[in-house]
$ cat structure.cif   # mmCIF, C-alpha atoms and all ligand atoms
data_upload
loop_
_atom_site.label_atom_id
_atom_site.label_comp_id
_atom_site.auth_asym_id
_atom_site.auth_seq_id
_atom_site.Cartn_x
_atom_site.Cartn_y
_atom_site.Cartn_z
CA MET G 1 149.52 81.24 130.25
CA ASP G 2 147.98 83.39 132.92
CA PHE G 3 146.31 86.06 130.87
CA LEU G 4 144.55 83.58 128.57
CA SER G 5 141.74 81.32 129.63
CA TYR G 6 138.89 79.35 128.09
CA GLN G 7 135.30 78.87 129.14
CA ASN G 8 133.14 76.47 127.11
CA GLY G 9 136.02 76.42 124.66
CA GLN G 10 135.82 80.19 124.13
CA LEU G 11 138.83 82.42 124.55
CA PHE G 12 138.94 85.02 127.30
CA LEU G 13 141.77 87.34 128.13
CA GLN G 14 142.35 88.91 131.50
CA ASN G 15 140.55 92.20 131.59
CA ASN G 16 143.65 94.28 132.16
CA ALA G 17 145.33 92.56 129.17
CA ILE G 18 142.43 93.54 126.95
CA ALA G 19 142.52 97.09 128.24
CA ASP G 20 146.26 97.28 127.55
CA LEU G 21 145.87 95.96 123.99
CA ALA G 22 142.99 98.36 123.34
CA LYS G 23 145.16 101.23 124.55
CA LEU G 24 148.08 100.16 122.37
CA TYR G 25 146.21 99.42 119.14
CA GLY G 26 142.86 101.16 119.47
CA THR G 27 139.46 99.61 118.94
CA PRO G 28 137.86 97.79 117.25
CA LEU G 29 140.57 95.16 117.56
CA TYR G 30 140.71 91.48 116.64
CA VAL G 31 142.73 89.23 118.98
CA TYR G 32 143.63 85.60 118.19
CA ASP G 33 145.30 82.91 120.28
CA GLU G 34 147.99 81.12 118.30
CA GLU G 35 148.22 78.06 120.57
CA TYR G 36 144.49 77.43 120.38
CA ILE G 37 144.58 77.49 116.58
CA LYS G 38 147.46 75.02 116.54
CA GLU G 39 145.74 72.77 119.07
CA ARG G 40 142.56 72.57 116.99
CA TRP G 41 144.52 71.79 113.82
CA LEU G 42 146.50 69.12 115.69
CA GLU G 43 143.27 67.63 116.98
CA TYR G 44 142.28 66.93 113.37
CA ASP G 45 145.76 65.72 112.54
CA ASN G 46 146.02 63.37 115.52
CA ALA G 47 142.58 61.91 114.92
CA LEU G 48 143.74 61.04 111.39
CA ALA G 49 147.24 59.88 112.33
CA ASP G 50 146.51 56.25 111.50
CA ARG G 51 145.72 56.94 107.87
CA LYS G 52 146.84 58.89 104.87
CA HIS G 53 145.22 62.29 105.17
CA LEU G 54 145.46 66.01 104.46
CA ILE G 55 143.85 68.79 106.45
CA CYS G 56 143.10 71.63 104.07
CA TYR G 57 142.24 74.59 106.28
CA ALA G 58 139.45 76.62 104.60
CA ILE G 59 141.07 80.00 104.49
CA LYS G 60 137.82 81.88 103.97
CA ALA G 61 137.25 81.53 107.72
CA ASN G 62 140.30 83.66 108.52
CA SER G 63 142.96 84.39 105.95
CA ASN G 64 145.37 86.40 108.05
CA LEU G 65 148.87 85.62 106.73
CA ALA G 66 150.31 84.95 110.19
CA ILE G 67 147.61 82.37 110.88
CA LEU G 68 148.18 80.75 107.47
CA ASN G 69 151.92 80.66 108.09
CA CYS G 70 151.45 79.08 111.51
CA LEU G 71 149.41 76.32 109.82
CA VAL G 72 151.96 75.98 106.99
CA LYS G 73 154.57 75.20 109.64
CA LEU G 74 152.35 72.42 111.01
CA GLY G 75 152.15 70.91 107.51
CA SER G 76 148.65 72.04 106.67
CA GLY G 77 147.03 72.02 103.29
CA PHE G 78 144.51 74.67 102.28
CA ASP G 79 141.07 74.92 100.71
CA ILE G 80 140.80 78.03 98.56
CA VAL G 81 137.93 79.52 96.58
CA SER G 82 139.56 82.27 94.53
CA GLN G 83 142.84 83.37 92.99
CA GLY G 84 143.12 85.93 95.77
CA GLU G 85 143.07 83.10 98.30
CA LEU G 86 145.61 81.18 96.18
CA GLU G 87 147.98 84.15 96.17
CA ARG G 88 147.53 84.49 99.94
CA VAL G 89 148.40 80.88 100.74
CA LEU G 90 151.41 81.00 98.42
CA ARG G 91 152.55 84.19 100.10
CA ALA G 92 152.17 82.50 103.48
CA GLY G 93 154.54 79.77 102.28
CA ALA G 94 152.08 76.98 101.44
CA ASP G 95 153.04 74.06 99.24
CA PRO G 96 150.75 74.30 96.18
CA LYS G 97 150.67 70.49 96.12
CA LYS G 98 148.59 70.73 99.31
CA VAL G 99 146.02 73.18 97.94
CA VAL G 100 142.51 72.23 96.82
CA PHE G 101 140.43 74.71 94.86
CA SER G 102 136.67 74.84 95.53
CA GLY G 103 134.07 77.34 94.30
CA VAL G 104 131.35 77.42 91.66
CA ALA G 105 132.66 80.23 89.44
CA LYS G 106 136.33 79.57 88.72
CA SER G 107 137.40 81.95 85.97
CA VAL G 108 139.77 81.19 83.09
CA SER G 109 142.59 83.15 84.68
CA GLU G 110 142.04 81.50 88.07
CA ILE G 111 142.24 78.05 86.49
CA GLU G 112 145.36 79.01 84.50
CA ARG G 113 147.12 80.25 87.61
CA ALA G 114 146.17 77.19 89.68
CA LEU G 115 147.34 74.84 86.91
CA THR G 116 150.59 76.73 86.49
CA VAL G 117 151.50 76.63 90.18
CA GLY G 118 150.48 72.96 90.33
CA ILE G 119 147.74 72.65 92.95
CA LYS G 120 146.71 69.29 94.39
CA CYS G 121 143.18 69.27 93.02
CA PHE G 122 140.29 71.23 91.55
CA ASN G 123 137.01 70.52 93.34
CA VAL G 124 134.91 70.77 90.20
CA GLU G 125 131.39 72.06 90.73
CA SER G 126 129.77 71.61 87.29
CA GLU G 127 130.15 69.87 83.95
CA ALA G 128 130.80 73.23 82.29
CA GLU G 129 133.68 73.87 84.70
CA LEU G 130 135.14 70.45 83.90
CA GLU G 131 135.08 71.30 80.19
CA ARG G 132 136.74 74.65 80.84
CA ILE G 133 139.49 73.04 82.91
CA GLN G 134 140.10 70.41 80.19
CA SER G 135 140.40 73.04 77.48
CA ILE G 136 142.78 75.26 79.48
CA ALA G 137 144.86 72.26 80.60
CA GLN G 138 145.14 71.11 76.98
CA ARG G 139 146.25 74.56 75.85
CA LEU G 140 148.87 74.73 78.62
CA ASN G 141 149.75 71.05 78.17
CA ILE G 142 149.34 70.33 81.88
CA ILE G 143 147.33 67.45 83.34
CA ALA G 144 144.64 68.84 85.64
CA PRO G 145 143.91 66.87 88.83
CA VAL G 146 140.18 66.92 89.62
CA SER G 147 137.56 65.78 92.10
CA LEU G 148 133.88 66.25 91.51
CA ARG G 149 132.13 68.10 94.29
CA ILE G 150 128.99 66.07 94.83
CA ASN G 151 125.80 67.65 96.04
CA PRO G 152 124.45 64.80 98.15
CA ASP G 153 121.05 66.45 98.82
CA VAL G 154 121.44 66.19 102.58
CA ASP G 155 119.94 68.60 105.09
CA ALA G 156 122.81 69.98 107.17
CA LYS G 157 120.32 71.42 109.71
CA THR G 158 122.04 74.77 109.79
CA HIS G 159 121.16 78.34 108.80
CA PRO G 160 119.76 78.28 105.22
CA TYR G 161 122.38 80.82 104.06
CA ILE G 162 125.22 78.46 104.97
CA SER G 163 123.69 75.14 103.94
CA THR G 164 125.37 73.93 100.75
CA GLY G 165 124.43 70.28 100.28
CA LEU G 166 120.76 70.52 99.38
CA ARG G 167 119.74 69.93 95.78
CA ASP G 168 118.45 73.50 95.43
CA ASN G 169 121.81 74.96 96.53
CA LYS G 170 124.12 76.11 93.75
CA PHE G 171 126.99 73.92 94.93
CA GLY G 172 128.34 70.74 93.45
CA VAL G 173 127.03 68.37 90.80
CA SER G 174 123.80 66.55 91.32
CA TYR G 175 124.22 63.09 92.79
CA SER G 176 122.25 61.53 89.93
CA LEU G 177 124.53 63.08 87.28
CA ALA G 178 127.81 62.29 89.00
CA ILE G 179 128.62 58.91 87.39
CA GLY G 180 128.01 60.28 83.89
CA ILE G 181 130.31 63.26 84.51
CA TYR G 182 133.05 61.02 85.95
CA GLN G 183 132.82 58.86 82.81
CA LYS G 184 133.12 61.96 80.67
CA ALA G 185 136.12 63.17 82.71
CA GLN G 186 137.78 59.80 82.29
CA LYS G 187 137.81 60.26 78.52
CA MET G 188 139.29 63.76 78.62
CA SER G 189 142.89 64.03 77.48
CA HIS G 190 144.13 66.47 80.14
CA ILE G 191 142.06 65.50 83.16
CA ALA G 192 143.23 63.16 85.91
CA ILE G 193 140.49 61.96 88.25
CA GLU G 194 141.77 62.16 91.82
CA GLY G 195 138.85 62.05 94.18
CA ILE G 196 135.32 62.72 95.33
CA ASP G 197 134.51 65.90 97.22
CA CYS G 198 131.55 67.14 99.22
CA HIS G 199 130.78 69.93 101.68
CA ILE G 200 127.25 70.20 103.00
CA GLY G 201 127.32 73.41 105.02
CA SER G 202 128.78 75.29 107.93
CA GLN G 203 128.18 75.46 111.70
CA LEU G 204 126.83 71.90 111.80
CA THR G 205 126.10 70.91 115.37
CA GLU G 206 125.19 67.26 114.70
CA ILE G 207 127.20 64.40 113.26
CA LEU G 208 124.26 62.73 111.51
CA PRO G 209 124.17 64.97 108.39
CA PHE G 210 127.92 64.33 107.88
CA LEU G 211 127.24 60.60 108.10
CA ASP G 212 124.30 60.75 105.69
CA SER G 213 126.48 62.55 103.20
CA ALA G 214 129.41 60.15 103.72
CA GLU G 215 127.07 57.22 103.15
CA ARG G 216 126.01 58.63 99.77
CA ILE G 217 129.65 59.30 98.88
CA ARG G 218 130.50 55.72 99.82
CA VAL G 219 127.80 54.34 97.49
CA LEU G 220 129.15 56.51 94.67
CA PHE G 221 132.73 55.43 95.44
CA ASP G 222 131.71 51.74 95.14
CA GLN G 223 129.91 52.41 91.86
CA LEU G 224 132.94 54.21 90.43
CA ILE G 225 135.24 51.36 91.40
CA SER G 226 132.88 48.87 89.79
CA ILE G 227 133.17 50.71 86.46
CA GLY G 228 136.96 50.94 86.68
CA ILE G 229 137.35 54.53 87.90
CA THR G 230 139.98 54.77 90.62
CA ILE G 231 139.49 57.26 93.44
CA LYS G 232 142.61 58.30 95.32
CA HIS G 233 141.03 60.58 97.88
CA ILE G 234 137.75 61.44 99.55
CA ASP G 235 137.29 65.06 100.61
CA PHE G 236 134.64 65.42 103.33
CA GLY G 237 134.74 69.23 103.29
CA GLY G 238 134.47 71.28 106.45
CA GLY G 239 131.49 72.44 108.43
CA LEU G 240 131.91 71.29 112.01
CA GLY G 241 130.24 73.83 114.29
CA VAL G 242 131.58 75.51 117.39
CA CYS G 243 130.08 76.60 120.65
CA TYR G 244 128.79 80.20 120.44
CA ASP G 245 126.56 79.86 123.49
CA ASP G 246 126.21 76.89 125.78
CA GLU G 247 125.38 74.31 123.13
CA ILE G 248 128.32 71.96 122.75
CA PRO G 249 128.77 70.62 119.19
CA PRO G 250 130.43 67.25 118.50
CA GLN G 251 134.12 66.98 119.19
CA ILE G 252 136.54 66.93 116.27
CA VAL G 253 137.74 63.44 117.17
CA ASP G 254 134.19 62.04 117.19
CA LEU G 255 133.47 63.43 113.76
CA ILE G 256 136.71 62.11 112.31
CA ASN G 257 136.26 58.66 113.83
CA ALA G 258 132.72 58.41 112.48
CA LEU G 259 133.81 59.40 108.97
CA LYS G 260 136.99 57.30 109.00
CA ASN G 261 134.84 54.26 109.72
CA LYS G 262 133.01 54.66 106.43
CA PHE G 263 136.23 54.01 104.53
CA ALA G 264 138.00 51.69 107.00
CA ASP G 265 138.18 48.96 104.33
CA TYR G 266 140.10 51.27 101.94
CA PRO G 267 143.15 52.34 103.99
CA GLU G 268 145.04 53.44 100.88
CA VAL G 269 142.45 56.11 100.09
CA GLU G 270 143.58 59.49 101.39
CA LEU G 271 141.05 61.39 103.52
CA LEU G 272 140.82 65.16 103.16
CA PHE G 273 139.03 67.62 105.43
CA GLU G 274 138.46 71.34 104.87
CA PRO G 275 137.78 72.74 108.35
CA GLY G 276 137.61 76.49 108.82
CA ARG G 277 135.46 77.65 111.71
CA SER G 278 136.32 74.77 114.06
CA ILE G 279 139.98 75.76 113.90
CA VAL G 280 139.76 79.51 114.35
CA ALA G 281 136.35 80.67 115.63
CA ASN G 282 136.89 80.23 119.32
CA ALA G 283 140.48 81.40 119.10
CA GLY G 284 139.33 84.95 118.41
CA LEU G 285 137.83 87.97 120.11
CA LEU G 286 136.68 91.32 118.84
CA VAL G 287 137.31 94.12 121.31
CA THR G 288 135.11 97.18 120.99
CA LYS G 289 134.54 100.38 122.92
CA VAL G 290 131.27 101.97 123.97
CA GLU G 291 131.14 105.38 122.30
CA TYR G 292 127.78 106.38 123.76
CA THR G 293 124.84 105.02 125.65
CA LYS G 294 121.38 106.22 124.70
CA HIS G 295 118.19 105.63 126.67
CA GLN G 296 114.96 106.63 124.98
CA ASP G 297 111.43 105.34 124.38
CA ASN G 298 112.09 102.21 126.44
CA ASN G 299 115.16 101.40 124.35
CA HIS G 300 118.64 101.15 125.77
CA PHE G 301 121.40 101.37 123.20
CA ALA G 302 125.08 100.74 123.80
CA ILE G 303 126.59 102.31 120.69
CA VAL G 304 129.98 100.74 120.10
CA ASP G 305 132.78 101.41 117.62
CA ALA G 306 132.59 97.96 115.96
CA GLY G 307 129.79 97.35 113.52
CA MET G 308 128.49 95.05 110.82
CA ASN G 309 131.43 96.30 108.73
CA ASP G 310 133.80 94.56 111.18
CA LEU G 311 131.66 91.56 112.10
CA ILE G 312 128.69 90.85 109.87
CA ARG G 313 127.53 87.53 111.33
CA PRO G 314 124.91 88.94 113.74
CA SER G 315 123.39 91.15 111.00
CA LEU G 316 123.59 88.66 108.17
CA TYR G 317 122.44 85.49 109.92
CA LYS G 318 121.03 86.91 113.14
CA ALA G 319 123.87 84.93 114.68
CA TRP G 320 124.07 85.08 118.47
CA MET G 321 127.55 85.85 119.72
CA LYS G 322 128.52 86.17 123.36
CA ILE G 323 129.29 89.76 124.43
CA MET G 324 131.15 90.30 127.68
CA PRO G 325 132.00 93.47 129.59
CA VAL G 326 135.71 94.04 130.22
CA GLN G 327 135.36 96.24 133.30
CA GLN G 328 133.57 94.53 136.19
CA PRO G 329 130.42 96.51 137.03
CA ASN G 330 129.99 97.88 140.53
CA PRO G 331 127.14 96.20 142.42
CA ASP G 332 125.11 99.43 142.42
CA ASP G 333 125.58 100.13 138.67
CA GLN G 334 122.31 100.20 136.76
CA MET G 335 121.77 97.15 134.50
CA TYR G 336 119.79 97.59 131.31
CA ASP G 337 118.56 95.34 128.58
CA TYR G 338 120.90 96.74 125.94
CA GLN G 339 120.87 96.61 122.16
CA ILE G 340 124.56 96.60 121.25
CA VAL G 341 124.70 98.55 118.02
CA GLY G 342 127.48 99.76 115.74
CA PRO G 343 128.24 102.97 113.84
CA ILE G 344 126.86 101.89 110.46
CA CYS G 345 123.87 103.69 108.95
CA GLU G 346 121.66 100.61 108.79
CA SER G 347 119.19 99.41 111.39
CA SER G 348 120.52 95.90 110.87
CA ASP G 349 123.80 97.01 112.42
CA VAL G 350 123.14 95.18 115.68
CA LEU G 351 125.84 93.03 117.28
CA GLY G 352 123.71 91.78 120.14
CA ARG G 353 120.09 92.13 121.20
CA ASN G 354 118.71 92.23 124.73
CA ARG G 355 121.94 91.89 126.63
CA GLN G 356 121.70 92.58 130.36
CA LEU G 357 124.69 94.79 131.05
CA ALA G 358 125.82 97.72 133.13
CA VAL G 359 127.97 99.76 130.78
CA GLU G 360 129.08 103.33 130.45
CA GLN G 361 130.68 105.48 127.81
CA HIS G 362 134.33 104.41 127.16
CA ASP G 363 133.81 100.90 128.58
CA LEU G 364 135.23 98.00 126.61
CA LEU G 365 133.26 94.96 125.49
CA VAL G 366 134.50 91.74 123.92
CA ILE G 367 132.60 89.74 121.34
CA CYS G 368 133.59 86.11 121.74
CA SER G 369 134.17 83.42 119.11
CA ALA G 370 134.96 86.05 116.49
CA GLY G 371 137.99 84.31 114.98
CA ALA G 372 136.06 82.80 112.05
CA TYR G 373 134.18 84.79 109.41
CA GLY G 374 134.92 87.97 111.35
CA PHE G 375 137.79 89.90 109.80
CA SER G 376 137.57 87.82 106.60
CA MET G 377 134.05 89.18 105.97
CA ALA G 378 134.85 92.70 107.12
CA SER G 379 134.31 95.56 104.70
CA ASN G 380 135.00 99.26 104.40
CA TYR G 381 131.29 100.13 104.36
CA ASN G 382 130.71 103.73 105.40
CA SER G 383 134.47 104.15 104.74
CA HIS G 384 135.56 102.68 108.03
CA PRO G 385 139.10 101.26 108.00
CA LYS G 386 139.39 97.57 108.88
CA PRO G 387 140.64 96.92 112.42
CA ALA G 388 144.07 95.74 113.51
CA GLU G 389 144.67 92.07 114.26
CA ILE G 390 146.81 90.82 117.15
CA MET G 391 148.15 87.34 117.85
CA VAL G 392 148.62 86.35 121.46
CA ASN G 393 150.42 83.41 123.00
CA GLN G 394 151.74 82.61 126.45
CA PHE G 395 154.70 84.92 125.89
CA GLY G 396 152.77 88.02 124.93
CA HIS G 397 151.35 89.44 121.75
CA ARG G 398 152.33 90.64 118.30
CA LEU G 399 150.66 92.82 115.71
CA ILE G 400 149.81 90.68 112.67
CA ARG G 401 147.94 93.27 110.65
CA GLN G 402 147.82 96.98 111.17
CA ARG G 403 144.59 98.86 111.37
CA GLU G 404 143.99 100.31 107.90
CA SER G 405 144.88 103.91 107.48
CA TYR G 406 142.54 106.37 105.82
CA ASP G 407 145.00 106.57 102.91
CA MET G 408 144.40 102.88 102.26
CA LEU G 409 140.71 103.62 101.81
CA TRP G 410 141.22 105.83 98.79
CA GLN G 411 140.01 104.11 95.69
CA GLY G 412 139.66 105.47 92.19
CA GLU G 413 140.91 108.76 90.88
CA ILE G 414 139.50 112.26 90.87
CA ILE G 415 139.41 113.23 87.20
C1 LIG U 1 133.92 74.29 100.09
C2 LIG U 1 134.05 74.65 101.53
N1 LIG U 1 134.93 73.98 102.27
C3 LIG U 1 135.11 74.27 103.58
C4 LIG U 1 134.37 75.26 104.20
C5 LIG U 1 134.64 75.52 105.64
O1 LIG U 1 133.54 75.40 106.42
P1 LIG U 1 133.64 75.61 108.00
O2 LIG U 1 134.24 76.92 108.25
O3 LIG U 1 132.23 75.54 108.42
O4 LIG U 1 134.47 74.48 108.53
C6 LIG U 1 133.41 75.96 103.47
C7 LIG U 1 132.51 76.92 104.11
O5 LIG U 1 131.38 76.57 104.44
C8 LIG U 1 133.26 75.65 102.09
O6 LIG U 1 132.38 76.34 101.35
N1 LIG U 2 130.14 83.14 106.74
C1 LIG U 2 129.46 82.07 107.42
C2 LIG U 2 129.99 80.75 107.05
C3 LIG U 2 130.06 80.58 105.58
C4 LIG U 2 130.69 79.33 105.22
C5 LIG U 2 131.25 79.39 103.84
N2 LIG U 2 130.75 78.40 102.95
C6 LIG U 2 129.40 82.35 108.90
O1 LIG U 2 129.86 83.37 109.31
O2 LIG U 2 128.87 81.62 109.68
#

$ encode --input "structure.cif" --output "C-alpha cells" --more "lines below"
Ligand SMILES: Cc1ncc(COP(=O)(O)O)c(C=O)c1O
Ligand SMILES: N[C@@H](CCCC[NH3+])C(=O)O
Amino acid sequence: MDFLSYQNGQLFLQNNAIADLAKLYGTPLYVYDEEYIKERWLEYDNALADRKHLICYAIKANSNLAILNCLVKLGSGFDIVSQGELERVLRAGADPKKVVFSGVAKSVSEIERALTVGIKCFNVESEAELERIQSIAQRLNIIAPVSLRINPDVDAKTHPYISTGLRDNKFGVSYSLAIGIYQKAQKMSHIAIEGIDCHIGSQLTEILPFLDSAERIRVLFDQLISIGITIKHIDFGGGLGVCYDDEIPPQIVDLINALKNKFADYPEVELLFEPGRSIVANAGLLVTKVEYTKHQDNNHFAIVDAGMNDLIRPSLYKAWMKIMPVQQPNPDDQMYDYQIVGPICESSDVLGRNRQLAVEQHDLLVICSAGAYGFSMASNYNSHPKPAEIMVNQFGHRLIRQRESYDMLWQGEII
C-alpha cells in the first residue's frame, strides 16, 4: 500500500498519486480509502463479537453506493432518516431487516414504504409519530417494530448544531414521558415494541456523555422490565468523534467496552450502534486546485475551486479541517497566512483561516478528514456540479461517482 498512508489516523496519498487523480478526474475531487472504511467497521464488529449486535452505519455521513455496498458485504445494517436513504441502501443491496429508521418527521409515504419492505425497526421520535405508525400499520395489516428514541437530556459537549440529546433539542421523546408512551404502545394493535434508542450528538470526543446517557437508558430499561415490557435491543446511536487536528478522541473499542458493561447482565439483549463519522471521516480527502492567489489590504487569499457547496462543515460549524499542500514548496517560496476560500458568492465560503502556506496558482491542496458529511452535504449552490468520487485501495483506484455534468443541473422547464 505504498501510495496510501495515515498520520494521526488521517488519510494521506502520495503527492504524485493525488496529482495523477486530479489530472484524470479534475478537481474538486473526493477520494476515499476502501480498506480504512472496512477496518473501522470491523473495529466496531470485533469489539462486539462476544454479544448479539448490529452495526447500523448512519448513511447520512456518506451515502455513496459503493461505500454502502462495501459495508453490505461485511454484513452491516444501516441507520436511515428518509425514504431517499431507504431507497439508497436497498439499491446498494442491504437487507431491510437490518435497517433502522430514525428522524423526527417521517411522512405517511415514508412509513408505508418502510413497513412494506419490512425494516428492522422505527426509531420513533414522538407520540404523534407512534400514532401515525399504528394507523398506517393497521391499514396495511403489518405489525410495525418500534423503539422509542429517548432524549436523555445529556450534554454531549459538542457543537450546539450537532448536539441532539438535550431537552431543548427537537429529537426523541422526553425521558419523563417515556414510560407512559411505552405503555400506550404496548396496547396498540399493530405495534411491536422492540427496543430503546438514543443518540445524543455527533463528534463527541469524550466517553462520559455516552455513559451518562447509557446510565439513564439502563434505569428506563429496568423500569420497563418491572412493568412487564420486554426490550429486545438497545440502540446507543452514533456520535463518536474523530481526529481533525491533533486531539485524539476515544478509541472505538473503549467506547464499546464501556457501553457493553452497562448491559453485561443482559447478554440476550442485542446492542445496536449507528456510527457514521467514525467509519468514514478519516477515510476521505477533498482535492482542490488553487485558481488564483490574491494579496491585498493585508489579506492573502488562496482562491480554490472547492467551496462551501462541496464541503460545508467549515462554513456551517466553523469546523477546523486540516489543509495540506500537494506540491512541496521550495525553501525560498514566500509563505503567507492564507485564507483558503472557495468560488461561492458568500463571505462565509471559507475552507480554512490563517493557514501558513506557500502556494501558487494551479497548485493542489488536500482537505483531510473529508469522508464524512462532505459529499453528503454538498449542494449545487451557484449551479456548481457536484464533484466526482474515487475509491482507492492498495491495488489502485476506481471511479465511484462521476462529476455531475451541466445537463444534470437543469431543473424545471422553460414554459
Ligand atoms: C440518529 C442518528 N444516528 C446516528 C448518527 C451518526 O452520527 P455520527 O456520524 O456522529 O456517528 C446521527 C448523526 O448525528 C444521527 O442523527
Ligand atoms: N453534519 C454534521 C454532523 C451531523 C450529524 C447528524 N445528526 C457534521 O458535519 O459534523

$ closest_residue --input "structure.cif" --among "G:Val154, G:Leu204, G:Ile312, G:Val173" --to "ligand LIG 1 (chain U)" --atoms "only C-alpha atoms and all ligand atoms"
G:Leu204

$ closest_residue --input "structure.cif" --among "G:Gln402, G:Gln328, G:Ser213, G:Ser315" --to "Asp363 in chain G" --atoms "all atoms listed in the file"
G:Gln328

$ closest_residue --input "structure.cif" --among "G:Asp222, G:Glu360, G:Glu274, G:Asp168" --to "ligand LIG 2 (chain U)" --atoms "all atoms listed in the file"
G:Glu274

$ residues_near_ligand --input "structure.cif" --ligand "ligand LIG 2 (chain U)" --cutoff "7 Å" --atoms "all atoms listed in the file" --output "ChimeraX atom specification"
/G:162,201-203,313,372-373

$ closest_atom_pairs --input "structure.cif" --of "chain G" --to "ligand LIG 1 (chain U)" --cutoff "8 Å" --atoms "all atoms listed in the file" --output "CSV"
residue,atom,partner,partner_atom,distance
G:Tyr57,CA,U:LIG1,C3,7.6
G:Ala58,CA,U:LIG1,C3,5.0
G:Ile59,CA,U:LIG1,C5,7.9
G:Lys60,CA,U:LIG1,C7,7.3
G:Ala61,CA,U:LIG1,O2,5.5
G:Asp79,CA,U:LIG1,N1,6.4
G:Ile80,CA,U:LIG1,C1,8.0
G:Val81,CA,U:LIG1,C1,7.5
G:Ser102,CA,U:LIG1,C1,5.4
G:Gly103,CA,U:LIG1,C1,6.5
G:Ile162,CA,U:LIG1,O5,6.5
G:Ser163,CA,U:LIG1,O5,7.8
G:Thr164,CA,U:LIG1,O6,7.4
G:Cys198,CA,U:LIG1,C1,7.6
G:His199,CA,U:LIG1,C1,5.6
G:Ile200,CA,U:LIG1,O5,7.7
G:Gly201,CA,U:LIG1,O5,5.2
G:Ser202,CA,U:LIG1,O3,3.5
G:Gln203,CA,U:LIG1,O3,5.2
G:Leu204,CA,U:LIG1,O3,7.3
G:Gly237,CA,U:LIG1,N1,4.9
G:Gly238,CA,U:LIG1,O4,3.8
G:Gly239,CA,U:LIG1,O3,3.2
G:Leu240,CA,U:LIG1,O4,5.4
G:Gly241,CA,U:LIG1,O3,6.4
G:Phe273,CA,U:LIG1,C3,7.9
G:Glu274,CA,U:LIG1,C3,4.6
G:Pro275,CA,U:LIG1,O4,3.7
G:Gly276,CA,U:LIG1,O2,3.4
G:Arg277,CA,U:LIG1,O2,3.7
G:Ser278,CA,U:LIG1,O4,5.8
G:Ile279,CA,U:LIG1,O4,7.8
G:Ala372,CA,U:LIG1,O2,7.2
G:Tyr373,CA,U:LIG1,O2,8.0

$ residues_around --input "structure.cif" --residues "Phe236 in chain G" --least-positions-apart "5" --cutoff "12 Å" --atoms "only C-alpha atoms" --output "PyMOL selection string"
chain G and resi 53-56+79+123+147-152+165+195-201+209-218+255-256+258-260+262-263+270-275

$ atom_distance --input "structure.cif" --atom1 "CA of Lys386 in chain G" --atom2 "CA of Glu404 in chain G"
5.4 Å

$ atom_distance --input "structure.cif" --atom1 "CA of Ser383 in chain G" --atom2 "CA of Asn62 in chain G"
21.6 Å

$ residues_around --input "structure.cif" --residues "Asn330 in chain G" --least-positions-apart "5" --cutoff "12 Å" --atoms "all atoms listed in the file" --output "PyMOL selection string"
chain G and resi 325+335+357-360

$ residues_around --input "structure.cif" --residues "Phe12 in chain G" --least-positions-apart "2" --cutoff "12 Å" --atoms "only C-alpha atoms" --output "VMD selection string"
chain G and resid 1 to 10 14 to 18 31 to 33 36 282 to 287 322 to 326 365 to 370 392

$ closest_residue --input "structure.cif" --among "G:Val124, G:Ala281, G:Leu65, G:Ala192" --to "Tyr244 in chain G" --atoms "only C-alpha atoms"
G:Ala281

$ decode --input "structure.cif" --residues "range 131-142 of chain G" --atoms "N, CA and C atoms" --output "CSV table (one decimal), in the first residue's frame"
chain,number,residue,atom,x,y,z
G,131,GLU,N,-48.5,7.2,16.9
G,131,GLU,CA,-49.9,7.0,16.5
G,131,GLU,C,-50.0,6.9,15.0
G,132,ARG,N,-49.2,7.7,14.3
G,132,ARG,CA,-49.3,7.6,12.8
G,132,ARG,C,-48.8,6.2,12.3
G,133,ILE,N,-47.8,5.7,12.9
G,133,ILE,CA,-47.3,4.4,12.5
G,133,ILE,C,-48.3,3.3,12.8
G,134,GLN,N,-49.0,3.4,14.0
G,134,GLN,CA,-50.0,2.4,14.3
G,134,GLN,C,-51.1,2.5,13.3
G,135,SER,N,-51.6,3.7,12.9
G,135,SER,CA,-52.7,3.7,12.0
G,135,SER,C,-52.3,3.2,10.6
G,136,ILE,N,-51.1,3.5,10.1
G,136,ILE,CA,-50.7,3.0,8.8
G,136,ILE,C,-50.5,1.5,8.9
G,137,ALA,N,-49.9,1.0,9.9
G,137,ALA,CA,-49.7,-0.4,10.1
G,137,ALA,C,-51.0,-1.2,10.1
G,138,GLN,N,-52.0,-0.6,10.8
G,138,GLN,CA,-53.3,-1.2,10.8
G,138,GLN,C,-53.9,-1.3,9.5
G,139,ARG,N,-53.8,-0.2,8.7
G,139,ARG,CA,-54.4,-0.1,7.4
G,139,ARG,C,-53.7,-1.2,6.5
G,140,LEU,N,-52.4,-1.3,6.6
G,140,LEU,CA,-51.7,-2.2,5.7
G,140,LEU,C,-51.7,-3.7,6.3
G,141,ASN,N,-52.2,-3.8,7.5
G,141,ASN,CA,-52.2,-5.1,8.2
G,141,ASN,C,-50.8,-5.7,8.4
G,142,ILE,N,-49.9,-4.8,8.8
G,142,ILE,CA,-48.5,-5.2,9.1
G,142,ILE,C,-48.2,-4.8,10.5
